[in-house]
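Structure data follow from entry-v9.pdb (PDB, C-alpha atoms and all ligand atoms):
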```
MODEL        1
ATOM      1  CA  MET A  36     102.008 101.111  92.686
ATOM      2  CA  SER A  37     104.386 104.027  92.880
ATOM      3  CA  ASP A  38     106.990 102.568  95.257
ATOM      4  CA  VAL A  39     109.979 101.458  93.211
ATOM      5  CA  LEU A  40     110.904  97.926  94.267
ATOM      6  CA  LEU A  41     113.574  97.152  91.696
ATOM      7  CA  SER A  42     115.479  99.548  89.497
ATOM      8  CA  ILE A  43     117.920  98.556  86.819
ATOM      9  CA  ASP A  44     120.142 101.387  85.609
ATOM     10  CA  ASN A  45     122.198 101.340  82.443
ATOM     11  CA  LEU A  46     123.055  97.671  82.697
ATOM     12  CA  SER A  47     125.502  96.472  80.055
ATOM     13  CA  LYS A  48     127.093  93.120  79.355
ATOM     14  CA  GLY A  49     129.226  91.998  76.429
ATOM     15  CA  PHE A  50     130.644  88.632  75.426
ATOM     16  CA  SER A  51     133.567  87.770  73.199
ATOM     17  CA  SER A  52     132.696  85.044  70.797
ATOM     18  CA  SER A  53     135.097  83.782  68.066
ATOM     19  CA  GLY A  54     137.054  87.023  68.271
ATOM     20  CA  ARG A  55     133.878  89.080  67.898
ATOM     21  CA  ARG A  56     132.332  91.250  70.603
ATOM     22  CA  VAL A  57     128.618  90.684  71.196
ATOM     23  CA  ALA A  58     126.725  93.303  73.207
ATOM     24  CA  ALA A  59     124.180  91.088  74.982
ATOM     25  CA  LEU A  60     122.833  94.034  77.012
ATOM     26  CA  GLU A  61     123.364  97.713  76.262
ATOM     27  CA  ASN A  62     122.346 100.379  78.758
ATOM     28  CA  VAL A  63     119.259  98.539  79.920
ATOM     29  CA  SER A  64     117.195 100.591  82.377
ATOM     30  CA  LEU A  65     113.921  99.405  83.935
ATOM     31  CA  THR A  66     111.904  99.850  87.088
ATOM     32  CA  ILE A  67     109.328  97.656  88.773
ATOM     33  CA  ALA A  68     106.935  99.052  91.347
ATOM     34  CA  ALA A  69     105.849  97.061  94.399
ATOM     35  CA  GLY A  70     103.039  94.723  93.351
ATOM     36  CA  GLU A  71     103.530  95.331  89.641
ATOM     37  CA  THR A  72     104.062  92.759  86.900
ATOM     38  CA  LEU A  73     106.519  93.899  84.260
ATOM     39  CA  GLY A  74     106.819  91.682  81.207
ATOM     40  CA  ILE A  75     110.041  91.556  79.226
ATOM     41  CA  VAL A  76     109.595  90.183  75.756
ATOM     42  CA  GLY A  77     112.109  89.696  73.003
ATOM     43  CA  ALA A  78     113.110  87.356  70.222
ATOM     44  CA  SER A  79     115.761  84.680  70.605
ATOM     45  CA  GLY A  80     119.186  86.193  71.282
ATOM     46  CA  SER A  81     117.817  89.567  72.386
ATOM     47  CA  GLY A  82     119.431  89.362  75.839
ATOM     48  CA  LYS A  83     116.658  88.011  78.084
ATOM     49  CA  SER A  84     118.680  85.184  79.676
ATOM     50  CA  THR A  85     121.658  87.477  80.176
ATOM     51  CA  LEU A  86     119.420  89.866  82.109
ATOM     52  CA  SER A  87     117.937  87.126  84.282
ATOM     53  CA  ARG A  88     121.372  85.582  84.930
ATOM     54  CA  ILE A  89     122.688  88.952  86.093
ATOM     55  CA  LEU A  90     119.631  89.362  88.341
ATOM     56  CA  LEU A  91     120.247  85.888  89.749
ATOM     57  CA  ARG A  92     123.864  86.912  90.361
ATOM     58  CA  LEU A  93     125.137  84.022  88.216
ATOM     59  CA  LEU A  94     126.801  86.482  85.891
ATOM     60  CA  ALA A  95     128.518  89.809  86.576
ATOM     61  CA  ALA A  96     127.479  92.910  84.652
ATOM     62  CA  ASP A  97     130.143  94.985  82.862
ATOM     63  CA  ALA A  98     128.478  98.230  83.878
ATOM     64  CA  GLY A  99     125.333  99.533  85.485
ATOM     65  CA  ALA A 100     123.511  99.154  88.774
ATOM     66  CA  ILE A 101     120.576  97.263  90.263
ATOM     67  CA  ARG A 102     118.808  98.463  93.372
ATOM     68  CA  PHE A 103     116.384  96.114  95.097
ATOM     69  CA  GLU A 104     114.346  97.200  98.106
ATOM     70  CA  GLY A 105     116.652 100.179  98.452
ATOM     71  CA  GLU A 106     119.862  98.113  98.519
ATOM     72  CA  ASP A 107     122.675  97.820  95.995
ATOM     73  CA  TRP A 108     121.820  94.298  94.780
ATOM     74  CA  LEU A 109     125.038  93.781  92.801
ATOM     75  CA  ALA A 110     127.183  94.726  95.813
ATOM     76  CA  LEU A 111     125.604  92.193  98.168
ATOM     77  CA  SER A 112     127.573  89.033  98.894
ATOM     78  CA  GLY A 113     127.830  86.170 101.366
ATOM     79  CA  ALA A 114     125.311  86.028 104.182
ATOM     80  CA  ALA A 115     123.750  89.397 103.275
ATOM     81  CA  LEU A 116     123.027  88.176  99.718
ATOM     82  CA  ARG A 117     121.632  84.849 100.978
ATOM     83  CA  ARG A 118     119.312  86.696 103.348
ATOM     84  CA  LYS A 119     118.140  89.115 100.718
ATOM     85  CA  ARG A 120     117.517  86.313  98.196
ATOM     86  CA  ALA A 121     114.474  85.353 100.243
ATOM     87  CA  GLN A 122     112.890  88.549  98.936
ATOM     88  CA  MET A 123     113.724  87.944  95.254
ATOM     89  CA  GLN A 124     112.829  84.447  94.123
ATOM     90  CA  MET A 125     113.169  82.911  90.683
ATOM     91  CA  VAL A 126     111.156  80.426  88.626
ATOM     92  CA  PHE A 127     112.634  79.015  85.422
ATOM     93  CA  GLN A 128     111.536  76.545  82.788
ATOM     94  CA  ASP A 129     111.846  73.432  84.956
ATOM     95  CA  PRO A 130     113.529  74.340  88.227
ATOM     96  CA  LEU A 131     112.701  70.989  89.820
ATOM     97  CA  ALA A 132     114.871  69.204  87.253
ATOM     98  CA  ALA A 133     117.833  70.202  89.438
ATOM     99  CA  PHE A 134     116.465  68.252  92.412
ATOM    100  CA  ASN A 135     117.046  64.625  93.253
ATOM    101  CA  PRO A 136     114.101  62.991  91.456
ATOM    102  CA  LEU A 137     113.424  60.877  94.538
ATOM    103  CA  ALA A 138     113.000  63.972  96.718
ATOM    104  CA  THR A 139     109.423  64.481  97.827
ATOM    105  CA  VAL A 140     107.447  67.632  97.201
ATOM    106  CA  GLY A 141     107.400  68.146 100.981
ATOM    107  CA  ALA A 142     111.216  68.096 101.141
ATOM    108  CA  VAL A 143     111.477  70.529  98.217
ATOM    109  CA  LEU A 144     109.186  72.976 100.031
ATOM    110  CA  ASP A 145     110.730  72.388 103.440
ATOM    111  CA  ASP A 146     114.194  73.624 102.317
ATOM    112  CA  PRO A 147     113.410  77.337 101.944
ATOM    113  CA  LEU A 148     111.223  77.319 105.081
ATOM    114  CA  ARG A 149     114.115  75.842 107.087
ATOM    115  CA  ILE A 150     116.957  77.797 105.518
ATOM    116  CA  HIS A 151     115.228  81.148 105.819
ATOM    117  CA  GLU A 152     113.508  80.283 109.130
ATOM    118  CA  VAL A 153     110.181  81.421 107.711
ATOM    119  CA  VAL A 154     108.152  79.671 110.430
ATOM    120  CA  PRO A 155     109.140  77.766 113.586
ATOM    121  CA  ARG A 156     109.997  74.098 113.026
ATOM    122  CA  HIS A 157     106.704  72.757 114.439
ATOM    123  CA  ARG A 158     104.717  74.830 111.939
ATOM    124  CA  ARG A 159     106.597  73.782 108.798
ATOM    125  CA  THR A 160     104.274  70.859 107.889
ATOM    126  CA  GLY A 161     101.236  73.116 108.150
ATOM    127  CA  GLU A 162     102.981  75.788 106.112
ATOM    128  CA  ILE A 163     103.811  73.240 103.371
ATOM    129  CA  ALA A 164     100.121  72.221 103.221
ATOM    130  CA  MET A 165      99.133  75.872 102.956
ATOM    131  CA  LEU A 166     101.660  76.562 100.181
ATOM    132  CA  LEU A 167     100.401  73.557  98.215
ATOM    133  CA  GLU A 168      96.827  74.681  98.614
ATOM    134  CA  ARG A 169      97.755  78.167  97.478
ATOM    135  CA  VAL A 170      99.093  76.800  94.167
ATOM    136  CA  GLY A 171      96.070  74.551  93.662
ATOM    137  CA  LEU A 172      97.477  71.225  94.915
ATOM    138  CA  SER A 173      96.151  69.189  97.829
ATOM    139  CA  ALA A 174      98.248  68.689 100.964
ATOM    140  CA  ASP A 175      98.870  64.998 100.179
ATOM    141  CA  TYR A 176     101.163  66.027  97.317
ATOM    142  CA  ALA A 177     103.765  66.612 100.045
ATOM    143  CA  GLY A 178     104.480  62.870 100.182
ATOM    144  CA  ARG A 179     104.853  62.402  96.444
ATOM    145  CA  PRO A 180     108.228  62.161  94.744
ATOM    146  CA  VAL A 181     108.976  65.062  92.408
ATOM    147  CA  ARG A 182     109.496  62.630  89.517
ATOM    148  CA  SER A 183     105.873  61.451  89.705
ATOM    149  CA  LEU A 184     104.525  64.918  88.873
ATOM    150  CA  SER A 185     103.353  66.226  85.508
ATOM    151  CA  GLY A 186     104.991  69.310  84.002
ATOM    152  CA  GLY A 187     102.207  71.594  85.204
ATOM    153  CA  GLN A 188     102.259  70.121  88.734
ATOM    154  CA  ARG A 189     106.042  70.534  88.882
ATOM    155  CA  GLN A 190     105.730  74.168  87.911
ATOM    156  CA  ARG A 191     103.066  74.678  90.608
ATOM    157  CA  VAL A 192     105.486  73.206  93.160
ATOM    158  CA  ALA A 193     108.262  75.442  91.801
ATOM    159  CA  ILE A 194     105.994  78.464  92.312
ATOM    160  CA  ALA A 195     105.079  77.269  95.830
ATOM    161  CA  ARG A 196     108.790  76.976  96.607
ATOM    162  CA  ALA A 197     109.428  80.439  95.232
ATOM    163  CA  ILE A 198     106.692  82.058  97.344
ATOM    164  CA  ALA A 199     107.622  80.079 100.484
ATOM    165  CA  THR A 200     109.967  82.808 101.676
ATOM    166  CA  ARG A 201     107.280  85.477 101.145
ATOM    167  CA  PRO A 202     109.238  87.387  98.527
ATOM    168  CA  SER A 203     108.369  90.839  97.280
ATOM    169  CA  LEU A 204     109.551  89.973  93.745
ATOM    170  CA  LEU A 205     109.330  86.864  91.575
ATOM    171  CA  VAL A 206     111.528  86.645  88.502
ATOM    172  CA  LEU A 207     109.970  84.218  86.028
ATOM    173  CA  ASP A 208     112.145  83.340  83.034
ATOM    174  CA  GLU A 209     110.331  81.292  80.357
ATOM    175  CA  ALA A 210     108.464  79.755  83.297
ATOM    176  CA  VAL A 211     105.554  78.431  81.229
ATOM    177  CA  SER A 212     107.299  77.915  77.889
ATOM    178  CA  ALA A 213     107.623  74.143  78.210
ATOM    179  CA  LEU A 214     103.970  73.589  79.160
ATOM    180  CA  ASP A 215     101.184  72.711  76.772
ATOM    181  CA  VAL A 216      98.718  75.435  76.055
ATOM    182  CA  THR A 217      95.937  74.468  78.515
ATOM    183  CA  VAL A 218      98.302  73.878  81.434
ATOM    184  CA  ARG A 219     100.103  77.095  80.533
ATOM    185  CA  GLY A 220      96.828  79.032  80.755
ATOM    186  CA  ARG A 221      96.119  77.635  84.229
ATOM    187  CA  ILE A 222      99.589  78.491  85.502
ATOM    188  CA  LEU A 223      99.239  82.024  84.136
ATOM    189  CA  GLU A 224      95.893  82.340  85.946
ATOM    190  CA  LEU A 225      97.556  81.148  89.137
ATOM    191  CA  LEU A 226     100.301  83.764  88.769
ATOM    192  CA  VAL A 227      97.783  86.551  88.236
ATOM    193  CA  GLU A 228      95.829  85.359  91.306
ATOM    194  CA  LEU A 229      98.949  85.234  93.495
ATOM    195  CA  GLN A 230      99.989  88.618  92.278
ATOM    196  CA  ARG A 231      96.556  90.083  93.130
ATOM    197  CA  GLU A 232      96.118  88.310  96.474
ATOM    198  CA  GLN A 233      99.607  88.760  97.836
ATOM    199  CA  GLY A 234     100.819  91.851  96.020
ATOM    200  CA  ILE A 235     103.974  90.086  94.832
ATOM    201  CA  ALA A 236     105.683  91.997  92.033
ATOM    202  CA  CYS A 237     106.751  89.915  89.037
ATOM    203  CA  LEU A 238     109.363  90.282  86.347
ATOM    204  CA  PHE A 239     108.004  87.988  83.681
ATOM    205  CA  ILE A 240     110.485  87.196  80.906
ATOM    206  CA  SER A 241     109.426  85.364  77.754
ATOM    207  CA  HIS A 242     109.827  85.262  73.991
ATOM    208  CA  ASP A 243     106.028  84.888  73.689
ATOM    209  CA  LEU A 244     104.095  88.149  73.595
ATOM    210  CA  ALA A 245     100.718  86.423  74.121
ATOM    211  CA  VAL A 246     101.971  84.908  77.381
ATOM    212  CA  VAL A 247     103.568  88.159  78.552
ATOM    213  CA  ARG A 248     100.421  90.112  77.741
ATOM    214  CA  ALA A 249      98.255  87.717  79.770
ATOM    215  CA  VAL A 250     100.017  88.575  83.037
ATOM    216  CA  SER A 251     101.722  91.956  82.707
ATOM    217  CA  HIS A 252     100.686  95.464  83.657
ATOM    218  CA  ARG A 253     103.510  96.923  81.580
ATOM    219  CA  ILE A 254     105.659  95.401  78.890
ATOM    220  CA  ALA A 255     109.251  96.212  77.930
ATOM    221  CA  VAL A 256     110.434  95.008  74.529
ATOM    222  CA  ILE A 257     114.086  94.004  74.254
ATOM    223  CA  ASP A 258     115.885  93.793  70.943
ATOM    224  CA  ASN A 259     119.596  93.205  70.394
ATOM    225  CA  GLY A 260     120.345  93.952  74.022
ATOM    226  CA  ARG A 261     118.416  97.242  74.138
ATOM    227  CA  ILE A 262     115.025  98.123  75.538
ATOM    228  CA  VAL A 263     113.335  99.562  72.468
ATOM    229  CA  GLU A 264     109.864 100.151  73.892
ATOM    230  CA  THR A 265     108.123 100.213  77.264
ATOM    231  CA  GLY A 266     104.461 100.865  77.899
ATOM    232  CA  PRO A 267     101.161  99.621  79.306
ATOM    233  CA  ALA A 268     100.614  96.021  78.126
ATOM    234  CA  THR A 269      97.610  96.873  75.977
ATOM    235  CA  SER A 270      99.342  99.784  74.210
ATOM    236  CA  VAL A 271     102.381  97.701  73.289
ATOM    237  CA  VAL A 272     100.115  95.038  71.804
ATOM    238  CA  VAL A 273      97.549  97.295  70.120
ATOM    239  CA  ALA A 274      99.856 100.101  68.984
ATOM    240  CA  PRO A 275     103.445  98.825  68.922
ATOM    241  CA  GLN A 276     105.927 101.640  68.264
ATOM    242  CA  SER A 277     109.115  99.742  67.455
ATOM    243  CA  ASP A 278     109.939  97.318  64.640
ATOM    244  CA  ALA A 279     110.766  94.662  67.230
ATOM    245  CA  ALA A 280     107.382  95.018  68.957
ATOM    246  CA  ARG A 281     105.585  95.001  65.587
ATOM    247  CA  ALA A 282     107.373  91.787  64.658
ATOM    248  CA  LEU A 283     106.387  90.160  67.976
ATOM    249  CA  VAL A 284     102.752  91.204  67.484
ATOM    250  CA  ALA A 285     102.787  89.871  63.927
ATOM    251  CA  ALA A 286     104.096  86.539  65.228
ATOM    252  CA  VAL A 287     100.830  86.093  67.162
ATOM    253  CA  PRO A 288      98.204  86.958  64.531
ATOM    254  CA  ARG A 289      95.149  86.632  66.763
ATOM    255  CA  LEU A 290      96.677  88.513  69.666
ATOM    256  CA  VAL A 291      94.754  91.762  69.347
ATOM    257  CA  THR A 292      91.305  90.241  68.937
ATOM    258  CA  ASP A 293      91.758  87.067  70.915
ATOM    259  CA  PRO A 294      93.991  87.605  73.962
ATOM    260  CA  PHE A 295      95.190  84.572  75.860
TER     261      PHE A 295
HETATM  262  N1  LIG A 301     128.381  82.943  77.307
HETATM  263  C1  LIG A 301     128.227  83.581  76.143
HETATM  264  N2  LIG A 301     129.256  83.704  75.287
HETATM  265  C2  LIG A 301     129.137  84.369  74.116
HETATM  266  N3  LIG A 301     127.992  84.952  73.714
HETATM  267  C3  LIG A 301     126.922  84.862  74.532
HETATM  268  C4  LIG A 301     126.972  84.168  75.790
HETATM  269  N4  LIG A 301     125.753  84.240  76.380
HETATM  270  C5  LIG A 301     124.967  84.939  75.535
HETATM  271  N5  LIG A 301     125.665  85.315  74.445
HETATM  272  C6  LIG A 301     125.144  86.124  73.306
HETATM  273  O1  LIG A 301     124.472  87.252  73.850
HETATM  274  C7  LIG A 301     123.283  87.534  73.125
HETATM  275  C8  LIG A 301     122.074  87.483  74.073
HETATM  276  O2  LIG A 301     121.881  86.131  74.502
HETATM  277  P1  LIG A 301     120.749  85.692  75.533
HETATM  278  O3  LIG A 301     120.952  84.233  75.787
HETATM  279  O4  LIG A 301     120.760  86.599  76.693
HETATM  280  O5  LIG A 301     119.429  85.936  74.668
HETATM  281  P2  LIG A 301     117.950  85.392  74.919
HETATM  282  O6  LIG A 301     117.057  86.522  74.571
HETATM  283  O7  LIG A 301     117.827  84.810  76.268
HETATM  284  O8  LIG A 301     117.819  84.245  73.842
HETATM  285  P3  LIG A 301     116.934  82.873  73.908
HETATM  286  O9  LIG A 301     115.500  83.321  73.980
HETATM  287  O10 LIG A 301     117.274  82.208  72.603
HETATM  288  O11 LIG A 301     117.399  82.119  75.103
HETATM  289  C9  LIG A 301     123.230  86.513  71.997
HETATM  290  O12 LIG A 301     123.808  87.098  70.848
HETATM  291  C10 LIG A 301     124.096  85.384  72.497
HETATM  292  O13 LIG A 301     124.657  84.656  71.436
ENDMDL
END
```
As C-alpha cells, please, write out the structure in this file.
Amino acid sequence: MSDVLLSIDNLSKGFSSSGRRVAALENVSLTIAAGETLGIVGASGSGKSTLSRILLRLLAADAGAIRFEGEDWLALSGAALRRKRAQMQMVFQDPLAAFNPLATVGAVLDDPLRIHEVVPRHRRTGEIAMLLERVGLSADYAGRPVRSLSGGQRQRVAIARAIATRPSLLVLDEAVSALDVTVRGRILELLVELQREQGIACLFISHDLAVVRAVSHRIAVIDNGRIVETGPATSVVVAPQSDAARALVAAVPRLVTDPF
C-alpha cells in the first residue's frame, strides 16, 4: 500500500461569519495509499464537511493542493474533471434523497454506466444485476422505485452507484450516520468487504470514532480545522496522543474493549 493515490497538501479554508473569521481548515495535509482506508474523525464543527466539499469540488480552497492519481485535482475542470470523477466517487448520508423518488433503482444505477460508458449498452442490464448482487441486493431490486427502499437498502444502492464507475477512491462522509445500529454494522461490513475484494481506497469521514475504527487502517483526528493526530487505527484508539482524540475515545466508553 505504498503508492500514494491522493495527497492533500496544506489545505486551508476560512469563512467570514458575522464579521468574524473562522478557519474551517488550517494547513491540512493527508495522504491515502491505493487500497487504503483512511478515517477522518472529529467533533461537530471541526472541518469535516468543509474538507469533503472541497474534495467534491463544491467549494474552492483558499490555499493548498490536492493531487489525485498524479493529477492536480483542484485544477481540473469541464470534461477533464467529469472524466476523472469516475475515479473518485462519493457517498453521503442519503445521496438518493436527491433523486426523483419515482426513479427505479435500475435507472439510478444505469446513469453512471451510461454517462461514463463503463460497459457497452447491451451489457448495462447485466452490469446493474452484478452491482446489486455485489452490495447484497437481488437483481429484482432494479425494478423497484427508490422511495420503496429502507434506509439501509438505499445506502446499499448508493454504494452500488458509487462503485459502478470502478473508482479507485470512495469518499464516504457520514455515510452510515443516519442508519440504526444493526443496519450500520452490515453496511460497514459491506464496505470492508468491497475494500478487500476490489482494492478500492476509502476516505471515511465521521464524527463517530467507533464507526471510523471499524473500517479504517489509519485514522486522522481533526480538531478546529487542524489534523492533530494521525496513526494506525488501533493506536489512535488505544493510546490517543491529542486531547481531541482522547475526548473522542472517552465519548465511546466501551470502544477499547468492545470494538464495533
Ligand atoms: N458557509 C459557511 N459560512 C461560515 N462558516 C462556515 C461555513 N461552513 C462552515 N463554517 C464553519 O467552519 C467550521 C467547520 O465546519 P464544518 O461544517 O466543516 O464542520 P464539521 O466537522 O463538518 O461539522 P458537523 O459534523 O457538525 O457537520 C465551523 O466553525 C463552521 O461553523
Considering only C-alpha atoms and all ligand atoms, give me a table of residues in chain A that are at most 12 Å from ligand LIG 301 (chain A), with the closest atom pair and distance in Å for each, as a tab-separated table.
```
residue	atom	partner	partner_atom	distance
A:Ser47	CA	A:LIG301	O1	11.2
A:Lys48	CA	A:LIG301	O1	8.5
A:Gly49	CA	A:LIG301	O1	7.2
A:Phe50	CA	A:LIG301	C2	4.7
A:Ser51	CA	A:LIG301	C2	5.7
A:Ser52	CA	A:LIG301	C2	4.9
A:Ser53	CA	A:LIG301	C2	8.5
A:Gly54	CA	A:LIG301	C2	10.2
A:Arg55	CA	A:LIG301	C2	9.1
A:Arg56	CA	A:LIG301	N3	8.3
A:Val57	CA	A:LIG301	O1	6.0
A:Ala58	CA	A:LIG301	O1	6.5
A:Ala59	CA	A:LIG301	O1	4.0
A:Leu60	CA	A:LIG301	C8	7.2
A:Glu61	CA	A:LIG301	C8	10.5
A:Ile75	CA	A:LIG301	O6	9.8
A:Val76	CA	A:LIG301	O6	8.4
A:Gly77	CA	A:LIG301	O6	6.1
A:Ala78	CA	A:LIG301	O6	5.9
A:Ser79	CA	A:LIG301	O10	3.5
A:Gly80	CA	A:LIG301	O5	3.4
A:Ser81	CA	A:LIG301	O6	3.8
A:Gly82	CA	A:LIG301	O4	3.2
A:Lys83	CA	A:LIG301	O6	3.8
A:Ser84	CA	A:LIG301	O7	3.5
A:Thr85	CA	A:LIG301	O4	3.7
A:Leu86	CA	A:LIG301	O4	6.5
A:Ser87	CA	A:LIG301	O4	8.1
A:Arg88	CA	A:LIG301	O4	8.3
A:Ile89	CA	A:LIG301	O4	9.9
A:Leu93	CA	A:LIG301	N1	11.4
A:Leu94	CA	A:LIG301	N1	9.4
A:Ala95	CA	A:LIG301	N1	11.5
A:Phe127	CA	A:LIG301	O11	11.8
A:Gln128	CA	A:LIG301	O11	11.2
A:Asp208	CA	A:LIG301	O7	9.0
A:Glu209	CA	A:LIG301	O9	8.5
A:Ser212	CA	A:LIG301	O9	10.6
A:Ile240	CA	A:LIG301	O7	9.0
A:Ser241	CA	A:LIG301	O9	7.4
A:His242	CA	A:LIG301	O9	6.0
A:Asp243	CA	A:LIG301	O9	9.6
A:Val256	CA	A:LIG301	O6	10.8
A:Ile257	CA	A:LIG301	O6	8.1
A:Asp258	CA	A:LIG301	O6	8.2
A:Asn259	CA	A:LIG301	C8	7.2
A:Gly260	CA	A:LIG301	C8	6.7
A:Arg261	CA	A:LIG301	C8	10.4
A:Ile262	CA	A:LIG301	O6	11.8
```
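Among the candidate residues A:Val263, A:Ala199, A:Ile43, A:Val247, the one lying nearest to A:Val287 is A:Val247, with distances computed using all atoms listed in the file.
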Run the PyMOL selection byres (((chain A and resi 211) around 8) and not hetatm) against the file shown and list the residues it catches, as a PyMOL selection string.
chain A and resi 128+190+209-210+212-214+219+222-223
Point out the residue among A:Gly220, A:Pro202, A:Gly99, A:Gly161 with the least atom-to-atom distance to A:Asp175, counting all atoms listed in the file.
A:Gly161
I'd like to know which of A:Ile198, A:Val39, A:Val216, A:Leu229 is closest to A:Glu106, using all atoms listed in the file.
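With all atoms listed in the file as the atom set, the closest residue is A:Val39.
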Using all atoms listed in the file, which residues sit within 12 Å of A:Leu144 once same-chain residues fewer than 5 positions away are excluded, as a PDB file with C-alpha atoms, in the frame of the given file?
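Everything below was put into result24.pdb:
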```
ATOM      1  CA  LEU A 131     112.701  70.989  89.820  1.00  0.00           C
ATOM      2  CA  PHE A 134     116.465  68.252  92.412  1.00  0.00           C
ATOM      3  CA  ALA A 138     113.000  63.972  96.718  1.00  0.00           C
ATOM      4  CA  THR A 139     109.423  64.481  97.827  1.00  0.00           C
ATOM      5  CA  ARG A 149     114.115  75.842 107.087  1.00  0.00           C
ATOM      6  CA  ILE A 150     116.957  77.797 105.518  1.00  0.00           C
ATOM      7  CA  HIS A 151     115.228  81.148 105.819  1.00  0.00           C
ATOM      8  CA  VAL A 153     110.181  81.421 107.711  1.00  0.00           C
ATOM      9  CA  ARG A 159     106.597  73.782 108.798  1.00  0.00           C
ATOM     10  CA  THR A 160     104.274  70.859 107.889  1.00  0.00           C
ATOM     11  CA  GLY A 161     101.236  73.116 108.150  1.00  0.00           C
ATOM     12  CA  GLU A 162     102.981  75.788 106.112  1.00  0.00           C
ATOM     13  CA  ILE A 163     103.811  73.240 103.371  1.00  0.00           C
ATOM     14  CA  ALA A 164     100.121  72.221 103.221  1.00  0.00           C
ATOM     15  CA  MET A 165      99.133  75.872 102.956  1.00  0.00           C
ATOM     16  CA  LEU A 166     101.660  76.562 100.181  1.00  0.00           C
ATOM     17  CA  LEU A 167     100.401  73.557  98.215  1.00  0.00           C
ATOM     18  CA  ALA A 174      98.248  68.689 100.964  1.00  0.00           C
ATOM     19  CA  TYR A 176     101.163  66.027  97.317  1.00  0.00           C
ATOM     20  CA  ALA A 177     103.765  66.612 100.045  1.00  0.00           C
ATOM     21  CA  GLY A 178     104.480  62.870 100.182  1.00  0.00           C
ATOM     22  CA  ARG A 179     104.853  62.402  96.444  1.00  0.00           C
ATOM     23  CA  VAL A 181     108.976  65.062  92.408  1.00  0.00           C
ATOM     24  CA  ARG A 189     106.042  70.534  88.882  1.00  0.00           C
ATOM     25  CA  ARG A 191     103.066  74.678  90.608  1.00  0.00           C
ATOM     26  CA  VAL A 192     105.486  73.206  93.160  1.00  0.00           C
ATOM     27  CA  ALA A 193     108.262  75.442  91.801  1.00  0.00           C
ATOM     28  CA  ILE A 194     105.994  78.464  92.312  1.00  0.00           C
ATOM     29  CA  ALA A 195     105.079  77.269  95.830  1.00  0.00           C
ATOM     30  CA  ARG A 196     108.790  76.976  96.607  1.00  0.00           C
ATOM     31  CA  ALA A 197     109.428  80.439  95.232  1.00  0.00           C
ATOM     32  CA  ILE A 198     106.692  82.058  97.344  1.00  0.00           C
ATOM     33  CA  ALA A 199     107.622  80.079 100.484  1.00  0.00           C
ATOM     34  CA  THR A 200     109.967  82.808 101.676  1.00  0.00           C
TER      35      THR A 200
END
```
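Using all atoms listed in the file, the smallest distance between any of A:Ile254, A:Leu205, A:Val140, A:Cys237 and A:Pro275 comes from A:Ile254.
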Work out how far apart atom CA of A:Gln230 and atom CA of A:Ser251 are and give it in Å to one decimal.
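The value is 10.3 Å.
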